[in-house]
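S.K.: Have a peek at coords-v1.tsv (TSV, C-alpha atoms).
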```tsv
chain	number	residue	atom	x	y	z
S	1442	MET	CA	-9.00	-5.06	115.15
S	1443	GLN	CA	-5.54	-5.12	113.66
S	1444	THR	CA	-4.95	-3.16	110.49
S	1445	ILE	CA	-3.34	-4.76	107.45
S	1446	MET	CA	-0.09	-2.90	108.17
S	1447	GLN	CA	-0.09	-4.19	111.76
S	1448	ARG	CA	-0.64	-7.75	110.55
S	1449	LEU	CA	2.15	-7.45	108.00
S	1450	ALA	CA	4.49	-6.11	110.69
S	1451	ASN	CA	4.99	-9.75	111.61
S	1452	PRO	CA	7.68	-11.07	109.21
S	1453	THR	CA	6.24	-14.58	109.38
S	1454	ARG	CA	2.81	-13.39	108.26
S	1455	PHE	CA	4.42	-11.30	105.54
S	1456	MET	CA	6.33	-14.34	104.26
S	1457	GLU	CA	3.12	-16.38	104.18
S	1458	LEU	CA	1.12	-13.70	102.34
S	1459	SER	CA	3.89	-12.83	99.89
S	1460	ALA	CA	4.37	-16.52	99.06
S	1461	ARG	CA	0.74	-16.64	97.93
S	1462	LEU	CA	0.79	-13.32	96.08
S	1463	LEU	CA	4.14	-13.61	94.31
S	1464	PRO	CA	3.24	-16.31	91.73
S	1465	TRP	CA	0.07	-14.47	90.72
S	1466	MET	CA	1.77	-11.09	90.45
S	1467	THR	CA	4.59	-12.59	88.41
S	1468	ALA	CA	2.18	-14.37	86.05
S	1469	VAL	CA	-0.05	-11.31	85.53
S	1470	SER	CA	2.92	-9.01	84.93
S	1471	ALA	CA	4.38	-11.49	82.41
S	1472	ILE	CA	1.07	-11.76	80.55
S	1473	LEU	CA	0.66	-7.98	80.44
S	1474	LEU	CA	4.26	-7.54	79.31
S	1475	VAL	CA	3.82	-9.98	76.42
S	1476	TRP	CA	0.53	-8.33	75.45
S	1477	GLY	CA	2.08	-4.89	75.70
S	1478	LEU	CA	5.05	-5.84	73.52
S	1479	TYR	CA	2.68	-7.27	70.92
S	1480	LEU	CA	0.75	-4.00	70.87
S	1481	VAL	CA	3.97	-1.99	70.70
S	1482	PHE	CA	5.47	-3.81	67.72
S	1483	PHE	CA	2.42	-5.01	65.79
S	1484	ASP	CA	-0.57	-2.83	66.68
S	1485	SER	CA	0.90	0.61	67.34
S	1486	PRO	CA	1.77	2.95	64.44
S	1487	ALA	CA	5.00	4.80	63.89
S	1488	ASP	CA	5.00	8.50	64.74
S	1489	TYR	CA	4.74	10.95	61.84
S	1490	GLN	CA	7.79	12.88	63.12
S	1491	GLN	CA	9.83	10.35	65.11
S	1492	GLY	CA	9.16	7.30	62.96
S	1493	GLU	CA	9.93	3.92	64.51
S	1494	THR	CA	12.03	5.45	67.30
S	1495	VAL	CA	8.79	6.40	69.07
S	1496	ARG	CA	8.57	2.77	70.21
S	1497	ILE	CA	11.32	3.55	72.74
S	1498	MET	CA	8.64	5.57	74.53
S	1499	TYR	CA	6.90	2.37	75.63
S	1500	ILE	CA	9.97	1.42	77.68
S	1501	HIS	CA	11.17	4.89	78.64
S	1502	VAL	CA	7.92	6.22	80.11
S	1503	PRO	CA	7.28	3.23	82.45
S	1504	CYS	CA	10.91	3.30	83.62
S	1505	ALA	CA	10.77	7.05	84.25
S	1506	TRP	CA	7.49	6.64	86.15
S	1507	LEU	CA	8.93	3.85	88.26
S	1508	SER	CA	12.13	5.75	89.01
S	1509	MET	CA	10.05	8.33	90.88
S	1510	MET	CA	7.45	5.96	92.32
S	1511	ILE	CA	10.08	3.66	93.80
S	1512	TYR	CA	11.86	6.55	95.47
S	1513	GLY	CA	8.52	7.65	96.90
S	1514	LEU	CA	8.12	4.12	98.28
S	1515	ILE	CA	11.60	4.29	99.83
S	1516	ALA	CA	10.79	7.65	101.43
S	1517	LEU	CA	7.50	6.30	102.78
S	1518	SER	CA	9.26	3.22	104.16
S	1519	SER	CA	11.93	5.44	105.73
S	1520	PHE	CA	9.23	7.52	107.39
S	1521	GLY	CA	7.65	4.33	108.71
S	1522	LEU	CA	10.97	3.25	110.16
S	1523	LEU	CA	11.85	6.53	111.88
S	1524	VAL	CA	8.37	7.43	113.14
S	1525	PHE	CA	6.49	4.16	113.63
S	1526	ARG	CA	9.44	1.73	113.98
S	1527	HIS	CA	7.69	-0.66	111.57
S	1528	PRO	CA	9.70	-3.91	111.55
S	1529	LEU	CA	9.55	-4.32	107.77
S	1530	ALA	CA	10.02	-0.66	106.80
S	1531	ASP	CA	13.79	-0.93	106.50
S	1532	VAL	CA	13.46	-4.24	104.66
S	1533	SER	CA	11.21	-2.53	102.12
S	1534	ALA	CA	13.54	0.46	101.67
S	1535	LYS	CA	16.65	-1.69	101.32
S	1536	ALA	CA	15.00	-4.02	98.81
S	1537	ALA	CA	13.66	-1.15	96.69
S	1538	ALA	CA	16.87	0.89	96.34
S	1539	PRO	CA	18.72	-1.34	93.79
S	1540	LEU	CA	15.52	-1.76	91.78
S	1541	GLY	CA	14.99	2.00	91.73
S	1542	ALA	CA	18.57	2.55	90.58
S	1543	ALA	CA	18.09	0.01	87.77
S	1544	PHE	CA	14.86	1.57	86.48
S	1545	THR	CA	16.34	5.08	86.71
S	1546	PHE	CA	19.38	3.94	84.72
S	1547	LEU	CA	17.08	2.43	82.09
S	1548	ALA	CA	15.10	5.69	81.96
S	1549	LEU	CA	18.29	7.65	81.34
S	1550	VAL	CA	19.57	5.26	78.65
S	1551	THR	CA	16.27	4.94	76.78
S	1552	GLY	CA	15.70	8.69	77.07
S	1553	SER	CA	19.10	9.34	75.48
S	1554	LEU	CA	18.36	6.90	72.65
S	1555	TRP	CA	14.93	8.42	72.13
S	1556	GLY	CA	16.24	11.98	72.20
S	1557	LYS	CA	19.10	11.50	69.73
S	1558	PRO	CA	16.99	11.67	66.52
S	1559	MET	CA	15.06	14.71	67.80
S	1560	TRP	CA	17.81	16.65	69.58
S	1561	GLY	CA	20.79	15.59	67.50
S	1562	THR	CA	22.67	14.47	70.60
S	1563	TYR	CA	22.38	11.76	73.24
S	1564	TRP	CA	22.70	14.14	76.17
S	1565	VAL	CA	22.06	17.75	77.05
S	1566	TRP	CA	22.17	19.33	80.47
S	1567	ASP	CA	18.42	19.76	80.37
S	1568	ALA	CA	16.57	20.37	83.67
S	1569	ARG	CA	14.62	17.11	83.43
S	1570	LEU	CA	17.62	15.00	82.39
S	1571	THR	CA	19.92	16.55	84.98
S	1572	SER	CA	17.43	16.10	87.83
S	1573	VAL	CA	16.85	12.44	86.89
S	1574	LEU	CA	20.63	11.93	86.79
S	1575	LEU	CA	20.79	13.38	90.32
S	1576	LEU	CA	18.08	10.90	91.34
S	1577	PHE	CA	20.21	8.06	89.97
S	1578	PHE	CA	23.19	9.29	92.03
S	1579	LEU	CA	20.93	9.55	95.07
S	1580	TYR	CA	19.96	5.90	94.64
S	1581	LEU	CA	23.64	4.98	94.42
S	1582	GLY	CA	24.30	7.08	97.53
S	1583	LEU	CA	21.66	5.19	99.52
S	1584	ILE	CA	23.14	1.85	98.44
S	1585	ALA	CA	26.71	2.96	99.18
S	1586	LEU	CA	25.86	4.43	102.58
S	1587	ARG	CA	24.17	1.23	103.68
S	1588	SER	CA	27.06	-0.90	102.42
S	1589	ALA	CA	29.61	1.26	104.22
S	1590	LEU	CA	28.09	0.68	107.67
S	1591	GLU	CA	28.38	-2.70	109.34
S	1592	GLU	CA	25.91	-2.03	112.16
S	1593	GLU	CA	22.49	-2.70	110.64
S	1594	GLY	CA	20.48	-0.42	112.91
S	1595	ALA	CA	22.71	2.61	112.32
S	1596	ALA	CA	22.75	1.94	108.56
S	1597	ALA	CA	18.95	1.78	108.48
S	1598	LYS	CA	18.48	5.07	110.32
S	1599	LEU	CA	21.10	7.03	108.36
S	1600	THR	CA	19.83	5.84	104.99
S	1601	ALA	CA	16.28	6.65	106.10
S	1602	VAL	CA	17.30	10.23	106.93
S	1603	LEU	CA	19.08	10.59	103.58
S	1604	ALA	CA	16.05	9.20	101.75
S	1605	LEU	CA	13.71	11.70	103.41
S	1606	VAL	CA	16.04	14.59	102.62
S	1607	GLY	CA	16.33	13.45	99.01
S	1608	VAL	CA	12.55	13.26	98.49
S	1609	THR	CA	12.65	17.01	97.76
S	1610	LEU	CA	14.11	16.08	94.37
S	1611	LEU	CA	10.87	14.43	93.21
S	1612	PRO	CA	8.79	17.61	92.69
S	1613	ILE	CA	11.76	19.18	90.91
S	1614	ILE	CA	11.81	16.25	88.45
S	1615	LYS	CA	8.03	16.30	88.05
S	1616	PHE	CA	7.66	20.02	87.38
S	1617	SER	CA	11.03	20.76	85.77
S	1618	VAL	CA	9.46	20.87	82.30
S	1619	ASN	CA	6.97	23.48	83.57
S	1620	TRP	CA	9.34	25.59	85.65
S	1621	TRP	CA	12.14	25.88	83.10
S	1622	ASN	CA	12.44	26.14	79.33
S	1623	THR	CA	13.70	22.64	78.52
S	1624	LEU	CA	14.17	20.45	75.47
S	1625	HIS	CA	12.34	17.61	77.17
S	1626	GLN	CA	8.71	17.27	76.21
S	1627	PRO	CA	5.98	17.85	78.85
S	1628	SER	CA	4.85	14.92	80.95
S	1629	THR	CA	2.87	12.32	79.03
S	1630	ASP	CA	-0.89	12.66	79.46
S	1631	PHE	CA	-2.83	9.45	78.89
S	1632	THR	CA	-5.99	11.35	77.95
S	1633	SER	CA	-5.14	14.27	75.69
S	1634	THR	CA	-1.57	14.53	74.42
S	1635	ILE	CA	-1.21	11.03	73.02
S	1636	ASP	CA	-3.12	9.37	70.20
S	1637	PRO	CA	-5.52	6.59	71.27
S	1638	SER	CA	-3.62	4.09	69.08
S	1639	MET	CA	-0.55	4.69	71.27
S	1640	ARG	CA	-2.39	5.19	74.54
S	1641	LEU	CA	-3.42	1.56	75.10
S	1642	PRO	CA	0.06	0.04	74.49
S	1643	LEU	CA	1.63	2.66	76.76
S	1644	LEU	CA	-0.93	2.05	79.51
S	1645	VAL	CA	-0.50	-1.74	79.30
S	1646	MET	CA	3.31	-1.42	79.43
S	1647	ALA	CA	3.09	0.96	82.39
S	1648	VAL	CA	0.89	-1.46	84.35
S	1649	ALA	CA	3.08	-4.44	83.35
S	1650	PHE	CA	6.28	-2.71	84.48
S	1651	THR	CA	4.65	-1.60	87.73
S	1652	LEU	CA	3.45	-5.12	88.56
S	1653	MET	CA	6.85	-6.48	87.57
S	1654	PHE	CA	8.49	-4.10	90.03
S	1655	PHE	CA	6.17	-5.09	92.88
S	1656	ALA	CA	6.85	-8.77	92.16
S	1657	MET	CA	10.61	-8.16	92.23
S	1658	HIS	CA	10.24	-6.01	95.34
S	1659	LEU	CA	8.34	-8.73	97.19
S	1660	LYS	CA	10.97	-11.27	96.17
S	1661	ALA	CA	13.79	-8.98	97.30
S	1662	MET	CA	12.05	-8.37	100.63
S	1663	ARG	CA	11.66	-12.11	101.17
S	1664	ASN	CA	15.36	-12.61	100.42
S	1665	GLU	CA	16.31	-9.85	102.85
S	1666	ILE	CA	14.17	-11.34	105.63
S	1667	LEU	CA	15.75	-14.75	105.07
S	1668	ARG	CA	19.22	-13.17	105.04
S	1669	ARG	CA	18.57	-11.48	108.39
S	1670	ARG	CA	17.22	-14.71	109.86
S	1671	VAL	CA	20.33	-16.60	108.78
S	1672	LYS	CA	22.52	-13.82	110.19
S	1673	ALA	CA	20.65	-13.95	113.51
S	1674	LEU	CA	21.03	-17.74	113.68
S	1675	ARG	CA	24.75	-17.49	112.98
S	1676	THR	CA	25.14	-14.82	115.65
S	1677	GLN	CA	23.30	-17.01	118.15
S	1678	ALA	CA	25.41	-20.01	117.19
S	1679	VAL	CA	28.65	-18.05	117.65
S	1680	ALA	CA	27.44	-16.62	120.98
S	1681	GLY	CA	26.44	-20.10	122.18
S	1682	ARG	CA	29.78	-21.58	121.13
S	1683	ASP	CA	31.69	-18.79	122.89
S	1684	ARG	CA	29.59	-19.21	126.04
S	1685	PHE	CA	30.15	-22.96	125.97
S	1686	ALA	CA	33.90	-22.43	125.59
S	1687	THR	CA	33.93	-19.91	128.43
S	1688	ASP	CA	31.94	-22.20	130.75
S	1689	GLY	CA	34.26	-25.09	129.88
S	1690	ALA	CA	37.34	-23.03	130.63
S	1691	THR	CA	35.86	-21.83	133.93
S	1692	GLN	CA	34.95	-25.37	134.97
S	1693	GLY	CA	38.41	-26.63	134.05
S	1694	ALA	CA	40.07	-23.92	136.10
S	1695	ALA	CA	37.86	-24.72	139.07
S	1696	GLU	CA	38.87	-28.36	138.95
```
Once you've parsed the file, please lay out its structure as structure tokens.
M.R.:
Amino acid sequence: MQTIMQRLANPTRFMELSARLLPWMTAVSAILLVWGLYLVFFDSPADYQQGETVRIMYIHVPCAWLSMMIYGLIALSSFGLLVFRHPLADVSAKAAAPLGAAFTFLALVTGSLWGKPMWGTYWVWDARLTSVLLLFFLYLGLIALRSALEEEGAAAKLTAVLALVGVTLLPIIKFSVNWWNTLHQPSTDFTSTIDPSMRLPLLVMAVAFTLMFFAMHLKAMRNEILRRRVKALRTQAVAGRDRFATDGATQGAAE
């Protein structure tokens, strides 16, 4: 029997399945996002130290989580391309990179806004902040490297190698607050370090943002598959036109 991954290796089957899943994922993520925002602004209390600025946490934490999760997805897709030659692995990696860069940028911006009242400055060269900034540059590097190469196969392999090399940054980001003495607070724990009145809104926002990413990722993958199909059709059309012109010229010379 074919596994799910083997079935999805067929772009046509993937397009059919994603067309059915996408509306539901979009609707559920939208509902959770609206519910989460309601909890954030109307049901969650202000922090006794940070005041109302603690509400930035409900955006910052999901974005920070996604910045790492998305890169993990890119690394996994790159491994699938280089080792298993999965037809959709490169499509997944290419579609995820701009989304990962966007969420990482949002994590940096919201983190700076959240840190200003507590640290007295928008930015410090803290281990966690610096490593996340490096992750953002790594995302930009993946996008730039792919854009710089015209040959799609070479671009896919080189970006896959860079993505696998860069995955070593993830444990540094994760454990930076434990390995070094940093201003950044320890990683958020949904069970012990956060009050229950804040735990539910944060959990709902995290799930909403994650589903929103997967919906956008599916949409981006569908667009990339369609783009490659159009490119292949154009290439075939140009090749057919050139062959027709060559055959016509040869026939005319023979006559």
S.K.: Within 7 Å of segment 1467-1482 of chain S, counting only C-alpha atoms, which residues qualify if same-chain residues fewer than 3 places away don't, as a PyMOL selection string?
M.R.: chain S and resi 1463-1464+1485+1496+1642+1645-1646+1649+1652-1653+1656
S.K.: Would you mind exporting the chosen residues as a PDB file, in the frame of the given file, restricted to C-alpha atoms?
M.R.:
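Saved the output as out36.pdb:
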```
ATOM      1  CA  LEU S1463       4.140 -13.610  94.310  1.00  0.00           C
ATOM      2  CA  PRO S1464       3.240 -16.310  91.730  1.00  0.00           C
ATOM      3  CA  SER S1485       0.900   0.610  67.340  1.00  0.00           C
ATOM      4  CA  ARG S1496       8.570   2.770  70.210  1.00  0.00           C
ATOM      5  CA  PRO S1642       0.060   0.040  74.490  1.00  0.00           C
ATOM      6  CA  VAL S1645      -0.500  -1.740  79.300  1.00  0.00           C
ATOM      7  CA  MET S1646       3.310  -1.420  79.430  1.00  0.00           C
ATOM      8  CA  ALA S1649       3.080  -4.440  83.350  1.00  0.00           C
ATOM      9  CA  LEU S1652       3.450  -5.120  88.560  1.00  0.00           C
ATOM     10  CA  MET S1653       6.850  -6.480  87.570  1.00  0.00           C
ATOM     11  CA  ALA S1656       6.850  -8.770  92.160  1.00  0.00           C
TER      12      ALA S1656
END
```
S.K.: What's around Ala1647 of chain S at 8 Å? Count all atoms listed in the file, leave out sequence neighbours fewer than 6 positions away in its own chain, and write the answer as a list of chain:residue names.
M.R.: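 These residues fall inside the cut-off: S:Tyr1499, S:Val1502, S:Pro1503.
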S.K.: Extract, using all atoms listed in the file, all DNA, RNA and protein residues at most 8 Å from segment 1538-1548 of chain S, discarding same-chain residues fewer than 3 positions from it, and format them as a ChimeraX atom specification.
M.R.: /S:1500-1502,1504-1505,1507-1508,1511-1512,1515,1534-1535,1551-1552,1573,1576-1577,1580-1581,1583-1584,1654,1658
S.K.: Name the closest residue to Val1606 of chain S among the candidates S:Ile1497, S:Leu1579, S:Leu1644, S:Met1509; distances are taken between atoms, counting all atoms listed in the file.
M.R.: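 Residue with the minimum atom-to-atom distance to Val1606 of chain S: S:Leu1579.
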S.K.: Using only C-alpha atoms, find the one residue out of S:Ser1617, S:Pro1528, S:Arg1663, S:Thr1651 that sits nearest to Leu1458 of chain S.
M.R.: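 So, comparing all the options, the nearest one is S:Arg1663.
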S.K.: How would you write as a ChimeraX atom specification the residues that get within 10 Å of (13.6, -4.0, 105.9) in the file's frame, counting only C-alpha atoms?
M.R.: /S:1452,1518-1519,1522,1527-1537,1597,1661-1663,1665-1666,1669
S.K.: Can you spit out the residues from that selection as a compact mmCIF listing (two decimals), in the frame of the given file, using C-alpha atoms?
M.R.:
```txt
# COMPACT_ATOMS: atom_id res chain seq x y z
CA PRO S 1452 7.68 -11.07 109.21
CA SER S 1518 9.26 3.22 104.16
CA SER S 1519 11.93 5.44 105.73
CA LEU S 1522 10.97 3.25 110.16
CA HIS S 1527 7.69 -0.66 111.57
CA PRO S 1528 9.70 -3.91 111.55
CA LEU S 1529 9.55 -4.32 107.77
CA ALA S 1530 10.02 -0.66 106.80
CA ASP S 1531 13.79 -0.93 106.50
CA VAL S 1532 13.46 -4.24 104.66
CA SER S 1533 11.21 -2.53 102.12
CA ALA S 1534 13.54 0.46 101.67
CA LYS S 1535 16.65 -1.69 101.32
CA ALA S 1536 15.00 -4.02 98.81
CA ALA S 1537 13.66 -1.15 96.69
CA ALA S 1597 18.95 1.78 108.48
CA ALA S 1661 13.79 -8.98 97.30
CA MET S 1662 12.05 -8.37 100.63
CA ARG S 1663 11.66 -12.11 101.17
CA GLU S 1665 16.31 -9.85 102.85
CA ILE S 1666 14.17 -11.34 105.63
CA ARG S 1669 18.57 -11.48 108.39
```
S.K.: Between S:Leu1605, S:Leu1599, S:Val1648, S:Met1559, single out the one closest to Gly1492 of chain S, counting only C-alpha atoms.
M.R.: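 Among the listed residues, S:Met1559 lies closest to Gly1492 of chain S.
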S.K.: Quick one: residues within 12 Å of Pro1612 of chain S, all atoms listed in the file, excluding same-chain residues fewer than 2 positions away - as a ChimeraX atom specification?
M.R.: /S:1509-1510,1512-1513,1569,1572-1573,1576,1607-1610,1614-1620
S.K.: Create the file for the chosen residues now, containing C-alpha atoms and written as an mmCIF file, in the frame of the given file.
M.R.:
```
data_model
loop_
_atom_site.group_PDB
_atom_site.id
_atom_site.type_symbol
_atom_site.label_atom_id
_atom_site.label_comp_id
_atom_site.auth_asym_id
_atom_site.auth_seq_id
_atom_site.Cartn_x
_atom_site.Cartn_y
_atom_site.Cartn_z
ATOM 1 C CA MET S 1509 10.050 8.330 90.880
ATOM 2 C CA MET S 1510 7.450 5.960 92.320
ATOM 3 C CA TYR S 1512 11.860 6.550 95.470
ATOM 4 C CA GLY S 1513 8.520 7.650 96.900
ATOM 5 C CA ARG S 1569 14.620 17.110 83.430
ATOM 6 C CA SER S 1572 17.430 16.100 87.830
ATOM 7 C CA VAL S 1573 16.850 12.440 86.890
ATOM 8 C CA LEU S 1576 18.080 10.900 91.340
ATOM 9 C CA GLY S 1607 16.330 13.450 99.010
ATOM 10 C CA VAL S 1608 12.550 13.260 98.490
ATOM 11 C CA THR S 1609 12.650 17.010 97.760
ATOM 12 C CA LEU S 1610 14.110 16.080 94.370
ATOM 13 C CA ILE S 1614 11.810 16.250 88.450
ATOM 14 C CA LYS S 1615 8.030 16.300 88.050
ATOM 15 C CA PHE S 1616 7.660 20.020 87.380
ATOM 16 C CA SER S 1617 11.030 20.760 85.770
ATOM 17 C CA VAL S 1618 9.460 20.870 82.300
ATOM 18 C CA ASN S 1619 6.970 23.480 83.570
ATOM 19 C CA TRP S 1620 9.340 25.590 85.650
#
```
